[in-house]
Every structure is written in structure tokens, then in C-alpha cells.
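Here's the structure we're looking at; comments come further down.
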Amino acid sequence: AEVRDALAYAGPRGIPVAARAGGHSMYGQGQARGGYVLDLRELSAVGPVAGDRVEVQAGALWRDVLAATLPYGLAPPVLTDYLGAGVGGVLSVGGLGGASHRHGLVADSVLELEVVTGAGEHLVCSPERHGALFHAVLAGLGQVAVIVRATLRLSPAPALVRRYCLYYPDLDAYLADQHLLATDRRFDHLEGQARPAEDTAEDTAGGWTYMVEAVTAHRGPTPPDDEALLGDLSFATAESTDLGYAEFANRVADDEEILRATGEWGHPHPWLNLLLPEDTAASVVTGILADPGFRDLRAGGLVLLYPLLTRTLRAPLFRRPRGEVVHLLALLRTAPPGAADPMVAANRTAYAYARAKGAVAYPANALPMSPADWREHYGSQWSTLAEAKSVHDPHGILGRGHGLWGPS
């Protein structure tokens, strides 16, 4: 009711409004210059779990969702790597994770939404009920409504998993095996990283190695068959570890604790996330990692590089490149306070370079985007989003931090 009252008041007065839960946006998307920020953290209820679904308020964190569902042997089909993000924010960008090659976006598991539109209207929507609104909210960047509750579909969660780390000195071999693993779907979780080659870690012109992270559930009393899973792959070396599923899902928690202790958690995070067509992925990855504007990645950043199947990514507003297999390239780095601007400029240069080779942005970025950029990004779906905006946010107060319609 408070969300409804705030939006009903702000709309006719043209007051910008942004929604914030986990606070995981990194370029002002969760801010509203001269307006209101709705702190949704009190909307944090999770449950009940009923059959294969759970009701979750938008301010809950994904770690809270998992804690509530695991006692039932269930979990969302796709989880992001970091479970401290808020439910509403992840659903608004779509949400990608290691199970996306099998199950699509985090948002693709949503069965029903309760929202308050930019016009202050409180509605429940689903594919069958207010379907156009439902599809404009999921992966819609918060442009038409504020999510207050979601009903999520759940899947059986294993008790144990085996995590393989497979190392490749060659990018082409790595991408070829990632294609195979994505399309035959032999693993439940599939991600990967580019890492500085150890003997050249201090050399900005040095090489990179590549690591496939592949995870399979323990099914039944016998452990996974390593030879059956790995025998046809071309990695150079391999490691494996058996973990409890909860421990694996929360694997980033220790890193978060360290970064909070050092203070780096509160520093700017000028991240760039791109989706690359398979036919240009090697050249884009090679070009960007050789760019002096990203040399800091060799010392302290993280580079994610893993495949997705476009047919599994179902939310209509989620944009993807051409082809059956595409690759997420995530350039994750931290800037000392006051030093983020050159990194943001490098992101813009890299985006233009990748876009010329068929890439699209996964819009959780520190990346300046003009309205013309956004129109090109959405392509044939731009008119769909614009129509939903005109109907459900007629005063244009929501989501200005993304810059779709002009300066915030």
C-alpha cells in the first residue's frame, strides 16, 4: 500500500521513482535524481512453499529464498552467482547463472507477479492475466511497474554436487568444448573464466588461460562417472571437488565477507556484461582482453566467459545476439574511489567494438547508453516496451536511471 501511495502521488507531479532492494546496481540504476528511492528491504517475506512453487516479496534476497526452499529439497531452477541481490532487481534485468544453458533466465521461472504500476495501479499479472504487463516487467528494467511479489517455480535440489575445473591454454579449444557442453547439457551448471597466464601475470601484453566450471549433481548412491563426463573434452588439466549443494550455491559468500572487511565492497564497480555471438566471440574476447583500458583485470579483476542457449532465454524483452549458442563475457572490476571514469570510458569503447561484431549488452552495467543506443538494443521490441510504458507509466517516472528515454 505504501508503494502504491508513493507512485500515485509521484506520477502526476513528475517525481522520479526508483526501487531498490539488494542495492546491486553499479551505475545509478537504483537512484532517482531529485526523486524517491523505494527501499524494498522490508518487503522481504519468503513463503509459503507450496508444491513446486514459492511466493517471495521483491525485497527478499536470493540467499533468503534458497534458505526457505532447501528444507523442502527444492530450489529455483536458475540462481545468479551472487545470492545477495534482491529478487525484484534480478527479475527486472532477467538474471543469468550457471544453469541458464538448461533453464533460461531466472525470470523465466516466474509464474505470477504482483506489481504497482507507474500510474499507481496495484495488479496481479501472469502470462494469462494482464499478459502484456507481465512480459513488460520481466527483464523490462523497471520501466513500467515496481515488483512487490513474485511466485516462483521450483525444481528438485540435489544434496551433493561434484564441481569440475577444467583448464585450457587455448581459447578456440575452450570455446569448442563450451559449445559441446552447452548443447548436450550433460552438466547441471556450466560457467567459465578467463584468467591471466601465470607466467605473464604482470605483463599487460601477456596471455590468458581459460577455465570451464562444470557441476553435476550426485544422483543415486554412486558418484558421477568422471570418464563419461570428461572423456571427450580437450582440457589440459582438471580438478574436482565434492560439495554440498548449499555450500556450492553460496560459494561467493566468503569473497563478499573479505571484500567487506577490506572496504572494497563499497568502492565503485564499473562492470561490463556483454552477450557475444558465437561466430565472433573469439575475436571480441581477444580484442577486449588486449585493450590497455582493461589491463587492471590482470591484477585484480574477474572475467567470466560462458555459453548460453538462446532458445532457453524466453522473456520477450531480453535481448540476445544471433545464433543458437551465445557467450556471456562479464568484465568485473573494482575502482578506487574517484577513479571509475576511465573504466567507464573503456566500457563504452569495448561496447562499441563488440556491438559492431553483433554483440548486445546484458543491461547490468556501468555503461553510458543513449536513447538511440537503447532503441537499437531493443530492435523490434522497442515499440512493445514504449507502448507498455505509455499505458502503465504515463508520467514517465520509473526507471530513469537506465536512460532509455533521455537524461535522468
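To be explicit about the labels: the chains of the C-alpha cells are called A, B, and onward in the order shown, and within each one the residues are counted from 1, while ligands get numbers from 1 in the order they are shown.
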
- request: Determine which residues of region 116-240 of chain A DSSP labels as alpha helix (DSSP H) from the backbone of this structure, then write them out as JSON, numbers by chain.
  value: {"A": [131, 132, 133, 134, 135, 136, 137, 171, 172, 173, 174, 175, 176, 177, 178, 179, 180, 181, 182, 183, 184, 226, 227, 228, 229, 230]}

May I have the selected residues written with N, CA and C atoms, as an mmCIF file, in the first residue's frame?
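Result saved to part29.cif:
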data_model
loop_
_atom_site.group_PDB
_atom_site.id
_atom_site.type_symbol
_atom_site.label_atom_id
_atom_site.label_comp_id
_atom_site.auth_asym_id
_atom_site.auth_seq_id
_atom_site.Cartn_x
_atom_site.Cartn_y
_atom_site.Cartn_z
ATOM 1 N N GLY A 131 -1.274 -10.233 -19.473
ATOM 2 C CA GLY A 131 -0.067 -10.832 -20.015
ATOM 3 C C GLY A 131 0.929 -9.830 -20.568
ATOM 4 N N ALA A 132 0.452 -8.778 -21.222
ATOM 5 C CA ALA A 132 1.370 -7.789 -21.791
ATOM 6 C C ALA A 132 2.158 -7.090 -20.690
ATOM 7 N N LEU A 133 1.492 -6.794 -19.583
ATOM 8 C CA LEU A 133 2.180 -6.177 -18.448
ATOM 9 C C LEU A 133 3.202 -7.143 -17.855
ATOM 10 N N PHE A 134 2.821 -8.387 -17.652
ATOM 11 C CA PHE A 134 3.721 -9.409 -17.109
ATOM 12 C C PHE A 134 5.009 -9.472 -17.929
ATOM 13 N N HIS A 135 4.887 -9.519 -19.242
ATOM 14 C CA HIS A 135 6.062 -9.652 -20.092
ATOM 15 C C HIS A 135 6.847 -8.351 -20.220
ATOM 16 N N ALA A 136 6.231 -7.225 -19.897
ATOM 17 C CA ALA A 136 6.959 -5.952 -19.901
ATOM 18 C C ALA A 136 7.717 -5.726 -18.604
ATOM 19 N N VAL A 137 7.325 -6.422 -17.542
ATOM 20 C CA VAL A 137 8.001 -6.272 -16.253
ATOM 21 C C VAL A 137 9.240 -7.162 -16.195
ATOM 22 N N LEU A 171 42.059 -20.535 -26.429
ATOM 23 C CA LEU A 171 40.686 -20.028 -26.427
ATOM 24 C C LEU A 171 39.796 -20.808 -27.386
ATOM 25 N N ASP A 172 40.268 -21.140 -28.562
ATOM 26 C CA ASP A 172 39.424 -21.854 -29.525
ATOM 27 C C ASP A 172 38.998 -23.220 -28.989
ATOM 28 N N ALA A 173 39.920 -23.935 -28.374
ATOM 29 C CA ALA A 173 39.577 -25.238 -27.798
ATOM 30 C C ALA A 173 38.581 -25.083 -26.659
ATOM 31 N N TYR A 174 38.782 -24.058 -25.855
ATOM 32 C CA TYR A 174 37.863 -23.779 -24.746
ATOM 33 C C TYR A 174 36.453 -23.505 -25.271
ATOM 34 N N LEU A 175 36.325 -22.641 -26.268
ATOM 35 C CA LEU A 175 35.013 -22.301 -26.803
ATOM 36 C C LEU A 175 34.359 -23.501 -27.477
ATOM 37 N N ALA A 176 35.156 -24.329 -28.137
ATOM 38 C CA ALA A 176 34.595 -25.518 -28.784
ATOM 39 C C ALA A 176 34.016 -26.477 -27.746
ATOM 40 N N ASP A 177 34.733 -26.696 -26.650
ATOM 41 C CA ASP A 177 34.208 -27.581 -25.610
ATOM 42 C C ASP A 177 33.021 -26.953 -24.893
ATOM 43 N N GLN A 178 33.040 -25.646 -24.698
ATOM 44 C CA GLN A 178 31.881 -24.995 -24.083
ATOM 45 C C GLN A 178 30.641 -25.143 -24.968
ATOM 46 N N HIS A 179 30.821 -25.048 -26.270
ATOM 47 C CA HIS A 179 29.697 -25.275 -27.192
ATOM 48 C C HIS A 179 29.138 -26.690 -27.009
ATOM 49 N N LEU A 180 30.024 -27.668 -26.979
ATOM 50 C CA LEU A 180 29.591 -29.053 -26.814
ATOM 51 C C LEU A 180 28.837 -29.238 -25.500
ATOM 52 N N LEU A 181 29.383 -28.703 -24.424
ATOM 53 C CA LEU A 181 28.767 -28.898 -23.108
ATOM 54 C C LEU A 181 27.436 -28.167 -22.995
ATOM 55 N N ALA A 182 27.328 -27.011 -23.631
ATOM 56 C CA ALA A 182 26.055 -26.278 -23.585
ATOM 57 C C ALA A 182 24.971 -27.007 -24.363
ATOM 58 N N THR A 183 25.330 -27.535 -25.519
ATOM 59 C CA THR A 183 24.302 -28.129 -26.383
ATOM 60 C C THR A 183 23.912 -29.534 -25.951
ATOM 61 N N ASP A 184 24.854 -30.324 -25.382
ATOM 62 C CA ASP A 184 24.440 -31.656 -24.947
ATOM 63 C C ASP A 184 23.934 -31.681 -23.506
ATOM 64 N N ASP A 226 33.454 -39.760 -13.870
ATOM 65 C CA ASP A 226 34.323 -38.723 -14.430
ATOM 66 C C ASP A 226 34.655 -38.987 -15.892
ATOM 67 N N GLU A 227 34.955 -40.225 -16.233
ATOM 68 C CA GLU A 227 35.346 -40.538 -17.607
ATOM 69 C C GLU A 227 34.199 -40.289 -18.570
ATOM 70 N N ALA A 228 32.991 -40.652 -18.194
ATOM 71 C CA ALA A 228 31.845 -40.431 -19.076
ATOM 72 C C ALA A 228 31.583 -38.949 -19.281
ATOM 73 N N LEU A 229 31.821 -38.151 -18.253
ATOM 74 C CA LEU A 229 31.546 -36.716 -18.342
ATOM 75 C C LEU A 229 32.661 -35.944 -19.033
ATOM 76 N N LEU A 230 33.905 -36.392 -18.894
ATOM 77 C CA LEU A 230 35.050 -35.594 -19.337
ATOM 78 C C LEU A 230 35.857 -36.221 -20.465
#

Applying 10 Å and only C-alpha atoms, which residues near Ala19 (chain A) remain after dropping the ones on its own chain fewer than 3 positions away? List them as an mmCIF file with C-alpha atoms, in the first residue's frame.
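Ended up saving to around_25.cif:
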data_model
loop_
_atom_site.group_PDB
_atom_site.id
_atom_site.type_symbol
_atom_site.label_atom_id
_atom_site.label_comp_id
_atom_site.auth_asym_id
_atom_site.auth_seq_id
_atom_site.Cartn_x
_atom_site.Cartn_y
_atom_site.Cartn_z
ATOM 1 C CA VAL A 3 4.402 1.679 -2.698
ATOM 2 C CA GLY A 23 21.449 -2.424 -3.977
ATOM 3 C CA GLN A 29 20.067 2.500 -11.891
ATOM 4 C CA GLY A 30 18.747 2.240 -8.328
ATOM 5 C CA GLN A 31 18.794 6.004 -7.811
ATOM 6 C CA ALA A 32 16.307 8.751 -8.711
ATOM 7 C CA TYR A 36 12.198 8.979 -4.389
ATOM 8 C CA VAL A 37 14.040 5.725 -3.809
ATOM 9 C CA LEU A 38 11.704 2.990 -2.589
ATOM 10 C CA ASP A 39 13.678 0.877 -0.120
ATOM 11 C CA LEU A 40 12.025 -2.521 -0.531
ATOM 12 C CA ALA A 58 10.570 -8.302 -4.027
ATOM 13 C CA GLY A 59 12.885 -7.061 -1.279
ATOM 14 C CA GLY A 88 12.928 -7.657 -7.753
ATOM 15 C CA GLY A 89 16.146 -6.324 -9.240
ATOM 16 C CA GLY A 142 11.789 -1.430 -14.060
ATOM 17 C CA ALA A 145 5.992 -1.127 -12.670
ATOM 18 C CA VAL A 146 7.543 -1.908 -9.307
ATOM 19 C CA ILE A 147 7.510 -5.607 -8.431
ATOM 20 C CA VAL A 148 6.268 -6.247 -4.900
ATOM 21 C CA LEU A 398 10.063 4.906 -13.369
ATOM 22 C CA GLY A 399 13.470 3.586 -14.349
#

Nearest to Arg153 (chain A), chosen from A:Pro221, A:Gly192, A:Gly98, A:Pro76, with only C-alpha atoms counted in the distances: A:Pro76

Shell of 8 Å around Gly140 (chain A), only C-alpha atoms, local chain residues under 4 positions omitted, as a ChimeraX atom specification: /A:92-93,135-136,144,317-318,385

field: Contact residues around His103 (chain A) with only C-alpha atoms at 8 Å, ignoring same-chain residues under 4 positions, as a PyMOL selection string
entry: chain A and resi 77-78+99+108+312-313

Export of prior selection with N, CA, C and O atoms as an mmCIF file, in the first residue's frame:
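What follows is the written file again_23.cif:
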data_model
loop_
_atom_site.group_PDB
_atom_site.id
_atom_site.type_symbol
_atom_site.label_atom_id
_atom_site.label_comp_id
_atom_site.auth_asym_id
_atom_site.auth_seq_id
_atom_site.Cartn_x
_atom_site.Cartn_y
_atom_site.Cartn_z
ATOM 1 N N PRO A 77 15.196 -22.942 -10.379
ATOM 2 C CA PRO A 77 15.962 -23.648 -11.419
ATOM 3 C C PRO A 77 17.265 -22.955 -11.781
ATOM 4 O O PRO A 77 18.247 -23.621 -12.126
ATOM 5 N N VAL A 78 17.280 -21.611 -11.732
ATOM 6 C CA VAL A 78 18.479 -20.829 -12.050
ATOM 7 C C VAL A 78 18.730 -19.863 -10.903
ATOM 8 O O VAL A 78 17.811 -19.172 -10.447
ATOM 9 N N ALA A 99 23.022 -22.351 -14.578
ATOM 10 C CA ALA A 99 22.014 -23.264 -15.114
ATOM 11 C C ALA A 99 21.226 -22.661 -16.272
ATOM 12 O O ALA A 99 20.275 -23.281 -16.754
ATOM 13 N N ASP A 108 12.598 -16.518 -16.116
ATOM 14 C CA ASP A 108 11.770 -17.494 -16.825
ATOM 15 C C ASP A 108 11.080 -18.482 -15.890
ATOM 16 O O ASP A 108 10.221 -19.256 -16.335
ATOM 17 N N THR A 312 16.594 -21.118 -24.775
ATOM 18 C CA THR A 312 16.121 -21.226 -23.394
ATOM 19 C C THR A 312 15.785 -19.872 -22.785
ATOM 20 O O THR A 312 15.163 -19.819 -21.719
ATOM 21 N N LEU A 313 16.209 -18.777 -23.412
ATOM 22 C CA LEU A 313 16.040 -17.428 -22.856
ATOM 23 C C LEU A 313 14.712 -16.872 -23.363
ATOM 24 O O LEU A 313 14.626 -16.323 -24.448
#

Quick one: residues within 10 Å of Asp52 (chain A), only C-alpha atoms, excluding same-chain residues fewer than 6 positions away - as a CSV table (one decimal) with N, CA and C atoms, in the first residue's frame?
chain,number,residue,atom,x,y,z
A,69,THR,N,13.6,-22.6,0.7
A,69,THR,CA,13.2,-23.7,-0.1
A,69,THR,C,14.0,-25.0,0.0
A,72,TYR,N,12.8,-28.1,1.9
A,72,TYR,CA,11.9,-29.0,1.1
A,72,TYR,C,12.5,-29.7,0.0
A,74,LEU,N,14.1,-28.3,-2.5
A,74,LEU,CA,13.7,-27.5,-3.7
A,74,LEU,C,14.6,-26.3,-3.8
A,75,ALA,N,14.7,-25.7,-5.0
A,75,ALA,CA,15.5,-24.5,-5.3
A,75,ALA,C,15.0,-23.9,-6.6
A,76,PRO,N,15.2,-22.6,-6.8
A,76,PRO,CA,14.9,-22.0,-8.1
A,76,PRO,C,15.7,-22.7,-9.2
A,152,LEU,N,7.4,-18.1,-7.8
A,152,LEU,CA,8.5,-18.7,-8.5
A,152,LEU,C,8.2,-20.2,-8.6
A,153,ARG,N,8.5,-20.8,-9.7
A,153,ARG,CA,8.6,-22.2,-9.9
A,153,ARG,C,9.9,-22.8,-9.3
A,154,LEU,N,9.8,-23.9,-8.7
A,154,LEU,CA,11.0,-24.5,-8.1
A,154,LEU,C,11.2,-25.9,-8.7
A,155,SER,N,12.5,-26.3,-8.5
A,155,SER,CA,12.9,-27.6,-9.1
A,155,SER,C,13.6,-28.4,-7.9
A,156,PRO,N,13.7,-29.8,-8.1
A,156,PRO,CA,14.4,-30.5,-7.0
A,156,PRO,C,15.8,-30.1,-7.0
